[in-house]
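Asks: Next comes the structure file coords-v9.csv, holding CSV, C-alpha atoms.
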```csv
chain,number,residue,atom,x,y,z
B,41,MET,CA,-8.3,8.7,6.5
B,42,ILE,CA,-5.4,7.0,8.2
B,43,VAL,CA,-2.5,6.7,5.7
B,44,ALA,CA,-0.2,3.8,5.8
B,45,ASP,CA,2.7,2.7,3.6
B,46,ARG,CA,3.8,-0.8,2.6
B,47,LYS,CA,6.5,-2.4,4.7
B,48,PRO,CA,9.5,-3.9,2.8
B,49,VAL,CA,8.8,-7.6,2.0
B,50,GLU,CA,12.1,-8.5,3.6
B,51,GLU,CA,11.0,-7.1,6.9
B,52,ILE,CA,7.7,-9.1,6.8
B,53,ILE,CA,9.6,-12.3,5.9
B,54,GLU,CA,11.8,-11.7,8.9
B,55,GLU,CA,8.7,-11.3,11.1
B,56,VAL,CA,7.0,-14.5,10.1
B,57,LYS,CA,9.9,-16.8,9.1
B,58,ASP,CA,9.4,-19.1,12.0
B,59,HIS,CA,5.7,-19.8,11.4
B,60,ASP,CA,4.1,-22.3,9.1
B,61,LYS,CA,0.5,-21.3,9.1
B,62,ILE,CA,0.0,-17.7,8.3
B,63,LEU,CA,-3.1,-15.6,7.7
B,64,ILE,CA,-2.7,-12.3,5.8
B,65,LEU,CA,-5.4,-10.1,7.0
B,66,GLY,CA,-6.4,-7.0,5.1
B,67,CYS,CA,-8.7,-4.1,5.9
B,68,ASN,CA,-11.3,-2.6,3.6
B,69,GLU,CA,-11.1,0.9,4.9
B,70,CYS,CA,-8.4,3.5,4.9
B,71,VAL,CA,-5.5,1.2,4.0
B,72,THR,CA,-7.5,0.0,0.9
B,73,VAL,CA,-7.8,3.6,-0.2
B,74,CYS,CA,-4.1,4.4,0.2
B,75,GLU,CA,-3.3,1.0,-1.5
B,76,ALA,CA,-1.3,-0.4,1.3
B,77,GLY,CA,-3.4,-3.0,3.0
B,78,GLY,CA,-6.6,-3.8,1.0
B,79,LYS,CA,-7.6,-7.0,-0.7
B,80,LYS,CA,-5.2,-6.5,-3.6
B,81,GLU,CA,-2.2,-5.9,-1.4
B,82,VAL,CA,-3.2,-8.9,0.7
B,83,ALA,CA,-3.2,-11.0,-2.5
B,84,VAL,CA,0.2,-9.7,-3.6
B,85,LEU,CA,1.9,-10.2,-0.2
B,86,ALA,CA,0.4,-13.7,0.1
B,87,SER,CA,1.7,-14.6,-3.3
B,88,VAL,CA,5.1,-13.2,-2.6
B,89,LEU,CA,5.4,-15.1,0.7
B,90,ARG,CA,4.1,-18.3,-0.8
B,91,MET,CA,6.8,-18.2,-3.5
B,92,HIS,CA,9.5,-17.2,-1.0
B,93,PHE,CA,8.9,-20.0,1.4
B,94,LEU,CA,8.5,-22.5,-1.5
B,95,ASN,CA,11.8,-21.3,-2.9
B,96,GLN,CA,13.3,-21.8,0.5
B,97,GLY,CA,12.0,-25.4,0.6
B,98,GLN,CA,9.7,-24.6,3.5
B,99,THR,CA,6.1,-25.8,3.5
B,100,VAL,CA,4.1,-22.8,4.8
B,101,ARG,CA,0.4,-22.4,4.5
B,102,ILE,CA,-0.5,-18.8,3.7
B,103,ASP,CA,-4.2,-17.7,3.4
B,104,GLU,CA,-5.8,-14.5,2.6
B,105,ARG,CA,-8.7,-12.6,4.2
B,106,THR,CA,-9.8,-9.0,4.2
B,107,LEU,CA,-12.2,-7.7,6.8
B,108,GLN,CA,-14.4,-4.6,6.4
B,109,ARG,CA,-12.6,-3.1,9.3
B,110,GLN,CA,-10.1,-4.2,12.0
B,111,CYS,CA,-10.9,-1.5,14.5
B,112,ASP,CA,-14.4,-2.8,15.4
B,113,HIS,CA,-15.3,-5.9,17.5
B,114,GLU,CA,-17.9,-7.2,15.1
B,115,TYR,CA,-15.7,-7.4,12.1
B,116,LEU,CA,-12.8,-8.9,14.0
B,117,GLU,CA,-15.2,-11.6,15.3
B,118,GLU,CA,-15.5,-12.8,11.7
B,119,VAL,CA,-12.2,-14.6,12.0
B,120,ARG,CA,-12.8,-16.2,15.4
B,121,ASP,CA,-13.8,-19.5,13.9
B,122,ILE,CA,-10.7,-19.8,11.8
B,123,ILE,CA,-8.0,-18.1,13.9
B,124,ASP,CA,-7.0,-21.4,15.5
B,125,GLN,CA,-5.9,-22.7,12.2
B,126,TYR,CA,-3.0,-20.2,12.1
B,127,ASN,CA,0.1,-19.6,14.3
B,128,ALA,CA,0.7,-16.1,13.0
B,129,VAL,CA,-1.3,-13.2,11.5
B,130,VAL,CA,0.1,-10.5,9.3
B,131,SER,CA,-2.3,-7.6,9.6
B,132,LEU,CA,-2.2,-5.1,6.8
B,133,ALA,CA,-4.5,-2.8,8.7
B,134,CYS,CA,-3.2,0.4,10.4
B,135,GLY,CA,-1.6,0.2,13.8
B,136,VAL,CA,-5.0,0.5,15.3
B,137,GLY,CA,-6.2,-2.6,13.6
B,138,VAL,CA,-3.1,-4.6,14.4
B,139,GLN,CA,-3.4,-3.8,18.1
B,140,PHE,CA,-7.1,-4.5,18.3
B,141,MET,CA,-6.6,-7.8,16.5
B,142,ALA,CA,-3.8,-8.6,19.0
B,143,GLU,CA,-6.0,-7.6,22.0
B,144,LYS,CA,-8.7,-9.8,20.8
B,145,TYR,CA,-6.8,-13.0,20.0
B,146,HIS,CA,-4.2,-13.4,22.7
B,147,ALA,CA,-2.9,-16.8,21.6
B,148,THR,CA,-2.0,-15.8,18.0
B,149,PRO,CA,0.9,-13.4,17.3
B,150,VAL,CA,-0.1,-10.5,15.1
B,151,TYR,CA,2.5,-8.8,13.0
B,152,PRO,CA,2.2,-5.5,11.3
B,153,GLY,CA,2.3,-5.6,7.5
B,154,VAL,CA,2.3,-1.8,6.9
B,155,ASN,CA,3.8,1.3,8.5
B,156,THR,CA,1.1,3.6,9.7
B,157,VAL,CA,2.1,7.1,8.9
B,158,PHE,CA,-0.5,9.8,9.5
B,159,MET,CA,-4.1,11.1,9.1
B,160,GLY,CA,-4.3,12.7,5.7
B,161,VAL,CA,-5.8,13.1,2.2
B,162,THR,CA,-5.3,11.7,-1.2
B,163,GLU,CA,-4.0,14.6,-3.2
B,164,GLU,CA,-3.7,12.4,-6.2
B,165,ARG,CA,-3.3,8.7,-6.8
B,166,GLY,CA,0.1,7.8,-5.3
B,167,LEU,CA,0.4,11.0,-3.2
B,168,TRP,CA,-1.0,11.3,0.3
B,169,THR,CA,-0.3,14.2,2.6
B,170,GLU,CA,-0.9,14.9,6.3
B,171,ARG,CA,-3.8,17.1,7.5
B,172,CYS,CA,-4.6,16.2,11.1
B,173,GLN,CA,-2.6,15.1,14.2
B,174,GLY,CA,-5.6,14.6,16.4
B,175,CYS,CA,-4.6,17.2,18.9
B,176,GLY,CA,-8.0,16.9,20.6
B,177,GLU,CA,-8.9,20.6,20.4
B,178,CYS,CA,-9.6,21.7,16.8
B,179,ILE,CA,-8.6,25.3,16.0
B,180,LEU,CA,-9.5,25.2,12.3
B,181,ALA,CA,-12.3,27.8,12.8
B,182,ARG,CA,-9.7,30.4,13.7
B,183,THR,CA,-7.2,29.5,11.0
B,184,GLY,CA,-9.3,29.5,7.9
B,185,GLY,CA,-9.6,25.7,7.7
B,186,ILE,CA,-5.8,25.2,7.5
B,187,CYS,CA,-4.2,23.3,10.4
B,188,PRO,CA,-0.9,24.8,11.8
B,189,ILE,CA,-0.6,21.8,14.2
B,190,SER,CA,-0.3,19.3,11.4
B,191,ARG,CA,1.1,21.4,8.6
B,192,CYS,CA,3.6,23.7,10.4
B,193,ALA,CA,6.8,22.0,11.3
B,194,LYS,CA,7.0,23.9,14.6
B,195,ARG,CA,3.2,23.7,15.3
B,196,VAL,CA,3.3,27.5,15.7
B,197,LEU,CA,0.0,29.0,16.7
B,198,ASN,CA,0.8,32.6,15.8
B,199,GLY,CA,2.8,32.4,12.7
B,200,PRO,CA,4.5,32.5,10.4
B,201,CYS,CA,7.9,32.2,12.0
B,202,GLY,CA,11.1,33.7,10.6
B,203,GLY,CA,11.9,30.5,8.6
B,204,SER,CA,9.1,31.2,6.1
B,205,THR,CA,10.5,32.2,2.8
B,206,LYS,CA,8.4,32.9,-0.3
B,207,GLY,CA,5.7,30.6,1.0
B,208,SER,CA,8.0,27.8,1.8
B,209,CYS,CA,9.1,26.3,5.1
B,210,GLU,CA,12.7,26.4,6.2
B,211,ILE,CA,12.8,22.7,6.6
B,212,HIS,CA,12.5,22.2,2.8
B,213,LYS,CA,11.5,24.3,-0.1
B,214,ASP,CA,8.9,21.8,-1.1
B,215,VAL,CA,7.1,22.1,2.2
B,216,VAL,CA,4.5,24.9,2.0
B,217,CYS,CA,4.4,27.3,5.0
B,218,ALA,CA,1.1,26.6,6.7
B,219,TRP,CA,0.9,30.1,8.0
B,220,GLN,CA,1.4,31.6,4.5
B,221,LEU,CA,-1.6,29.5,3.5
B,222,ILE,CA,-3.5,30.7,6.5
B,223,VAL,CA,-2.8,34.3,5.7
B,224,GLU,CA,-3.8,33.9,2.1
B,225,ARG,CA,-7.0,32.1,3.1
B,226,LEU,CA,-8.0,34.6,5.7
B,227,LYS,CA,-7.6,37.4,3.1
B,228,ALA,CA,-9.7,35.4,0.6
B,229,LEU,CA,-12.4,35.0,3.2
B,230,ASP,CA,-12.2,38.7,3.9
B,231,ARG,CA,-11.3,37.9,7.5
B,232,PHE,CA,-7.8,39.2,7.6
B,233,ASP,CA,-8.6,41.1,10.8
B,234,ASP,CA,-8.8,37.7,12.5
B,235,TYR,CA,-5.1,37.3,11.8
B,236,GLU,CA,-4.3,40.0,14.3
B,237,LYS,CA,-6.0,38.1,17.1
B,238,LEU,CA,-3.4,36.3,19.1
B,239,SER,CA,-4.0,32.6,19.9
B,240,ALA,CA,-3.8,31.9,23.6
B,241,LEU,CA,-1.5,29.1,24.8
B,242,LYS,CA,-2.9,25.8,23.6
B,243,ASP,CA,-3.9,23.2,26.2
B,244,TRP,CA,-1.8,20.3,25.0
B,245,SER,CA,-3.2,17.9,27.6
B,246,THR,CA,-5.8,16.9,25.0
B,247,ASP,CA,-2.9,16.0,22.7
B,248,ARG,CA,-0.5,13.1,23.4
B,249,ALA,CA,1.0,15.2,26.3
B,250,GLY,CA,-1.9,14.0,28.4
B,251,GLY,CA,-1.2,10.3,27.7
B,252,PRO,CA,-3.4,7.8,25.9
B,253,ARG,CA,-6.8,9.4,25.2
B,254,LYS,CA,-10.3,8.2,25.0
B,255,VAL,CA,-13.7,9.6,24.0
B,256,VAL,CA,-16.6,8.6,26.2
B,257,ARG,CA,-20.1,9.2,25.0
B,258,GLU,CA,-22.5,8.0,27.8
B,259,ASP,CA,-25.5,8.9,25.6
B,260,LEU,CA,-24.4,6.2,23.2
B,261,GLN,CA,-23.2,3.6,25.6
B,262,ASP,CA,-25.3,0.5,26.2
B,263,GLU,CA,-26.9,0.9,29.6
B,264,SER,CA,-27.8,-2.8,29.8
B,265,LYS,CA,-24.1,-3.5,30.3
B,266,ASP,CA,-24.0,-1.5,33.5
B,267,THR,CA,-26.7,-3.4,35.2
Y,296,MET,CA,3.9,-12.4,-43.1
Y,297,ARG,CA,3.6,-15.9,-41.6
Y,298,LEU,CA,6.3,-15.1,-39.0
Y,299,GLN,CA,7.2,-17.8,-36.6
Y,300,TYR,CA,7.7,-17.3,-32.8
Y,301,PRO,CA,8.6,-19.9,-30.2
Y,302,SER,CA,5.7,-22.2,-29.5
Y,303,ASN,CA,6.2,-22.4,-25.8
Y,304,ILE,CA,4.9,-18.8,-25.4
Y,305,GLN,CA,1.3,-18.6,-24.2
Y,306,ILE,CA,-0.4,-15.4,-25.2
Y,307,ILE,CA,-3.0,-13.9,-22.9
Y,308,LEU,CA,-5.1,-11.2,-24.5
Y,309,VAL,CA,-6.0,-8.1,-22.5
Y,310,PRO,CA,-7.9,-5.1,-23.7
Y,311,CYS,CA,-5.0,-2.8,-22.6
Y,312,THR,CA,-1.7,-3.5,-20.8
Y,313,GLY,CA,-3.1,-1.2,-18.1
Y,314,LYS,CA,-5.3,-4.1,-17.2
Y,315,VAL,CA,-2.3,-6.2,-16.2
Y,316,ASP,CA,-1.7,-5.9,-12.5
Y,317,VAL,CA,1.1,-7.0,-10.3
Y,318,ILE,CA,-0.9,-9.8,-8.9
Y,319,HIS,CA,-1.6,-11.3,-12.4
Y,320,MET,CA,2.2,-11.5,-13.1
Y,321,LEU,CA,2.9,-12.9,-9.6
Y,322,HIS,CA,0.2,-15.5,-10.0
Y,323,ALA,CA,1.7,-16.6,-13.3
Y,324,PHE,CA,5.1,-17.2,-11.6
Y,325,GLU,CA,3.4,-18.9,-8.7
Y,326,LYS,CA,1.7,-21.2,-11.1
Y,327,GLY,CA,5.1,-22.1,-12.7
Y,328,ALA,CA,5.6,-19.7,-15.6
Y,329,ASP,CA,9.3,-19.4,-16.3
Y,330,GLY,CA,9.0,-15.8,-17.6
Y,331,VAL,CA,6.4,-13.2,-18.2
Y,332,TYR,CA,6.5,-10.3,-20.6
Y,333,VAL,CA,4.0,-7.6,-21.3
Y,334,VAL,CA,3.7,-6.2,-24.8
Y,335,GLY,CA,2.0,-2.8,-24.9
Y,336,CYS,CA,1.5,-0.1,-27.4
Y,337,MET,CA,4.2,2.5,-27.9
Y,338,GLU,CA,4.5,4.9,-25.0
Y,339,GLY,CA,2.5,8.0,-25.8
Y,340,ASP,CA,0.1,6.1,-28.0
Y,341,CYS,CA,-2.1,4.5,-25.4
Y,342,HIS,CA,-5.7,4.7,-26.4
Y,343,PHE,CA,-6.5,5.0,-22.7
Y,344,ASN,CA,-3.7,7.6,-22.2
Y,345,SER,CA,-1.6,5.8,-19.6
Y,346,GLY,CA,-2.3,2.1,-19.7
Y,347,ASN,CA,1.1,1.1,-21.0
Y,348,LEU,CA,2.9,3.5,-18.6
Y,349,ARG,CA,1.1,1.9,-15.7
Y,350,ALA,CA,2.0,-1.5,-17.0
Y,351,ARG,CA,5.7,-0.5,-17.2
Y,352,LYS,CA,5.6,0.6,-13.6
Y,353,ARG,CA,3.9,-2.7,-12.5
Y,354,VAL,CA,6.5,-4.7,-14.4
Y,355,GLU,CA,9.2,-2.9,-12.5
Y,356,GLN,CA,7.5,-3.6,-9.2
Y,357,VAL,CA,7.3,-7.3,-10.1
Y,358,ARG,CA,11.0,-7.2,-11.2
Y,359,LYS,CA,12.0,-5.9,-7.7
Y,360,ILE,CA,9.8,-8.5,-6.0
Y,361,LEU,CA,11.3,-11.4,-7.9
Y,362,ASP,CA,14.8,-10.1,-7.2
Y,363,THR,CA,13.9,-9.9,-3.5
Y,364,ILE,CA,12.7,-13.5,-3.3
Y,365,ASN,CA,15.5,-14.8,-5.5
Y,366,ILE,CA,13.4,-15.9,-8.4
Y,367,GLY,CA,15.1,-13.4,-10.8
Y,368,GLY,CA,13.8,-10.0,-11.9
Y,369,GLU,CA,15.0,-10.6,-15.4
Y,370,ARG,CA,12.3,-13.1,-15.9
Y,371,VAL,CA,9.8,-10.3,-16.4
Y,372,GLN,CA,10.0,-7.6,-19.1
Y,373,MET,CA,7.9,-4.9,-20.6
Y,374,TYR,CA,8.0,-4.3,-24.4
Y,375,ASN,CA,6.3,-1.7,-26.6
Y,376,LEU,CA,5.4,-1.8,-30.2
Y,377,SER,CA,2.7,-0.6,-32.6
Y,378,SER,CA,0.0,-2.9,-33.8
Y,379,SER,CA,1.4,-3.2,-37.3
Y,380,GLU,CA,4.9,-4.4,-36.1
Y,381,GLY,CA,4.5,-8.2,-36.4
Y,382,LEU,CA,8.2,-8.6,-37.0
Y,383,ARG,CA,9.0,-6.8,-33.7
Y,384,PHE,CA,6.5,-9.0,-31.9
Y,385,THR,CA,8.4,-12.1,-33.0
Y,386,GLN,CA,11.7,-10.5,-32.2
Y,387,PHE,CA,10.5,-9.8,-28.6
Y,388,ALA,CA,9.2,-13.4,-28.4
Y,389,ILE,CA,12.5,-14.8,-29.5
Y,390,GLU,CA,14.6,-12.5,-27.3
Y,391,MET,CA,12.5,-13.4,-24.2
Y,392,ASN,CA,12.6,-17.1,-25.0
Y,393,GLU,CA,16.3,-17.1,-25.3
Y,394,ARG,CA,16.7,-15.2,-22.1
Y,395,ILE,CA,14.5,-17.6,-20.2
Y,396,LEU,CA,16.2,-20.6,-21.7
Y,397,LYS,CA,19.5,-19.3,-20.4
Y,398,LEU,CA,18.0,-18.7,-17.0
Y,399,GLY,CA,16.5,-22.1,-16.8
Y,400,PRO,CA,13.1,-23.1,-15.3
Y,401,ASN,CA,11.3,-21.0,-12.6
Y,402,PRO,CA,12.9,-22.1,-9.3
Y,403,ILE,CA,9.4,-22.2,-7.8
Y,404,LYS,CA,8.4,-25.0,-10.1
Y,405,ARG,CA,11.4,-27.0,-9.2
Y,406,ALA,CA,10.8,-26.4,-5.5
Y,407,ALA,CA,7.1,-27.4,-5.9
Y,408,ASP,CA,8.1,-30.6,-7.6
Y,409,LYS,CA,10.5,-31.4,-4.8
Y,410,ALA,CA,7.9,-30.7,-2.2
Y,411,ALA,CA,5.3,-32.9,-3.9
```
Can I see the file as structure tokens?

Replies:
Amino acid sequence: MIVADRKPVEEIIEEVKDHDKILILGCNECVTVCEAGGKKEVAVLASVLRMHFLNQGQTVRIDERTLQRQCDHEYLEEVRDIIDQYNAVVSLACGVGVQFMAEKYHATPVYPGVNTVFMGVTEERGLWTERCQGCGECILARTGGICPISRCAKRVLNGPCGGSTKGSCEIHKDVVCAWQLIVERLKALDRFDDYEKLSALKDWSTDRAGGPRKVVREDLQDESKDT
Amino acid sequence: MRLQYPSNIQIILVPCTGKVDVIHMLHAFEKGADGVYVVGCMEGDCHFNSGNLRARKRVEQVRKILDTINIGGERVQMYNLSSSEGLRFTQFAIEMNERILKLGPNPIKRAADKAA
């Protein structure tokens, strides 16, 4: 899932201080799971903002709404009939949702309510860690299911590097060396011979180096739109 | 024991302090409560293992939020006691009541009255 972290309340207050009709818009997917932008976080932020503005002597209307997703047209359409009631939206979705919301409703400023951080997993409640950087060409089959792109600080494809010490990365002792994990996993899978096979240069054009990316699936696209 | 505690305290029963969320405390302040305190079991004695520990963290979160928006973090407090400690219960009530009386009314309430 996409992992996000809460923005400081002060920063959000600064974003919306000049508006008097504000919609706090949550998302029911990833940001709900990482407890940054779901229905509960929407309620907390709305309550905090209401109290702040009241305390400042400002009359500000702050409403709450949480959509199933903010990265799909059909869910964003659910606020079309109410969007004109507001002069600002604070979206607690990931950066994707904030942008799609802003693309769809040009006349209403949309402000981010969270910092989108990475694609990762819930190791335990309150601890999320990175697992994927969306490089566009998955190499997990060769690396025993452990990604050196997202988990190695240097993104080394034939590791470990000289900075690996007792299983830790040189950037911090708490950061596990991804290549140590890969070696151990390949041994456990009885595939250690694969470790000797050198990876060729990676085509980074499928990563951010190639600019903004898109996935086109003509087999899924609606043909009636072309005619 | 027939112990007395300040009559302006409204008790809200919950099955465990772990049930008390940040939003519950914030809503209390939004609705005009001058202070909120959560009384849980002794740490380490939670029937559900970590309910009172979660409550403590949530109270801390609310404290930070109230400080941020200038309502006063000291208006919220976590206390712990065991179920047989009626005397401590009244002591907590008196202590919190005195603290809130010193702080004065919730500024939100005053602001809302002004706006009305």

Asks: Within 8 Å of (-1.4, -2.3, 12.4), only C-alpha atoms: residues as a list in words?

Replies: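 The answer, in the requested form, is Ser131, Leu132, Ala133, Cys134, Gly135, Val136, Gly137, Val138, Gln139, Tyr151, Pro152, Gly153, Val154, Asn155 and Thr156 of chain B.
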
Asks: Hey, list the chain Y side of the contact with chain B: 7 Å cut-off, only C-alpha atoms, answer as number ranges by chain.

Replies: Y: 318, 321-322, 325, 364, 402-403, 406-407

Asks: One decimal, Å: what's the distance from atom CA of Y:Gln356 over to atom CA of Y:Val333, could you say?

Replies: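 Between atom CA of Y:Gln356 and atom CA of Y:Val333 the gap is 13.2 Å.
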
Asks: Given all atoms listed in the file as the basis, pick out the residue of Y:Asp316, Y:Asp329, Y:Glu390, Y:Glu338 nearest to Y:Ser377.

Replies: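 Ranked by minimum distance to Y:Ser377, first place goes to Y:Glu338.
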
Asks: State, in Å with one decimal place, the distance from atom CA of Y:Leu348 to atom CA of Y:Gln386.

Replies: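 According to the coordinates, atom CA of Y:Leu348 and atom CA of Y:Gln386 are separated by 21.4 Å.
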
Asks: Excluding B:Thr106 and residues on its chain fewer than 5 positions from it, collect all residues at most 7 Å away from it, counting all atoms listed in the file, and give them as a PDB file with C-alpha atoms, in the frame of the given file.

Replies:
```pdb
ATOM      1  CA  LEU B  65      -5.400 -10.100   7.000  1.00  0.00           C
ATOM      2  CA  GLY B  66      -6.400  -7.000   5.100  1.00  0.00           C
ATOM      3  CA  CYS B  67      -8.700  -4.100   5.900  1.00  0.00           C
ATOM      4  CA  ASN B  68     -11.300  -2.600   3.600  1.00  0.00           C
ATOM      5  CA  GLY B  78      -6.600  -3.800   1.000  1.00  0.00           C
ATOM      6  CA  LYS B  79      -7.600  -7.000  -0.700  1.00  0.00           C
TER       7      LYS B  79
END
```

Asks: Using all atoms listed in the file, which of B:Glu69, B:Asp60, B:Asp234, B:Asp121 sits nearest B:Ala44?

Replies: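 Nearest to B:Ala44: B:Glu69.
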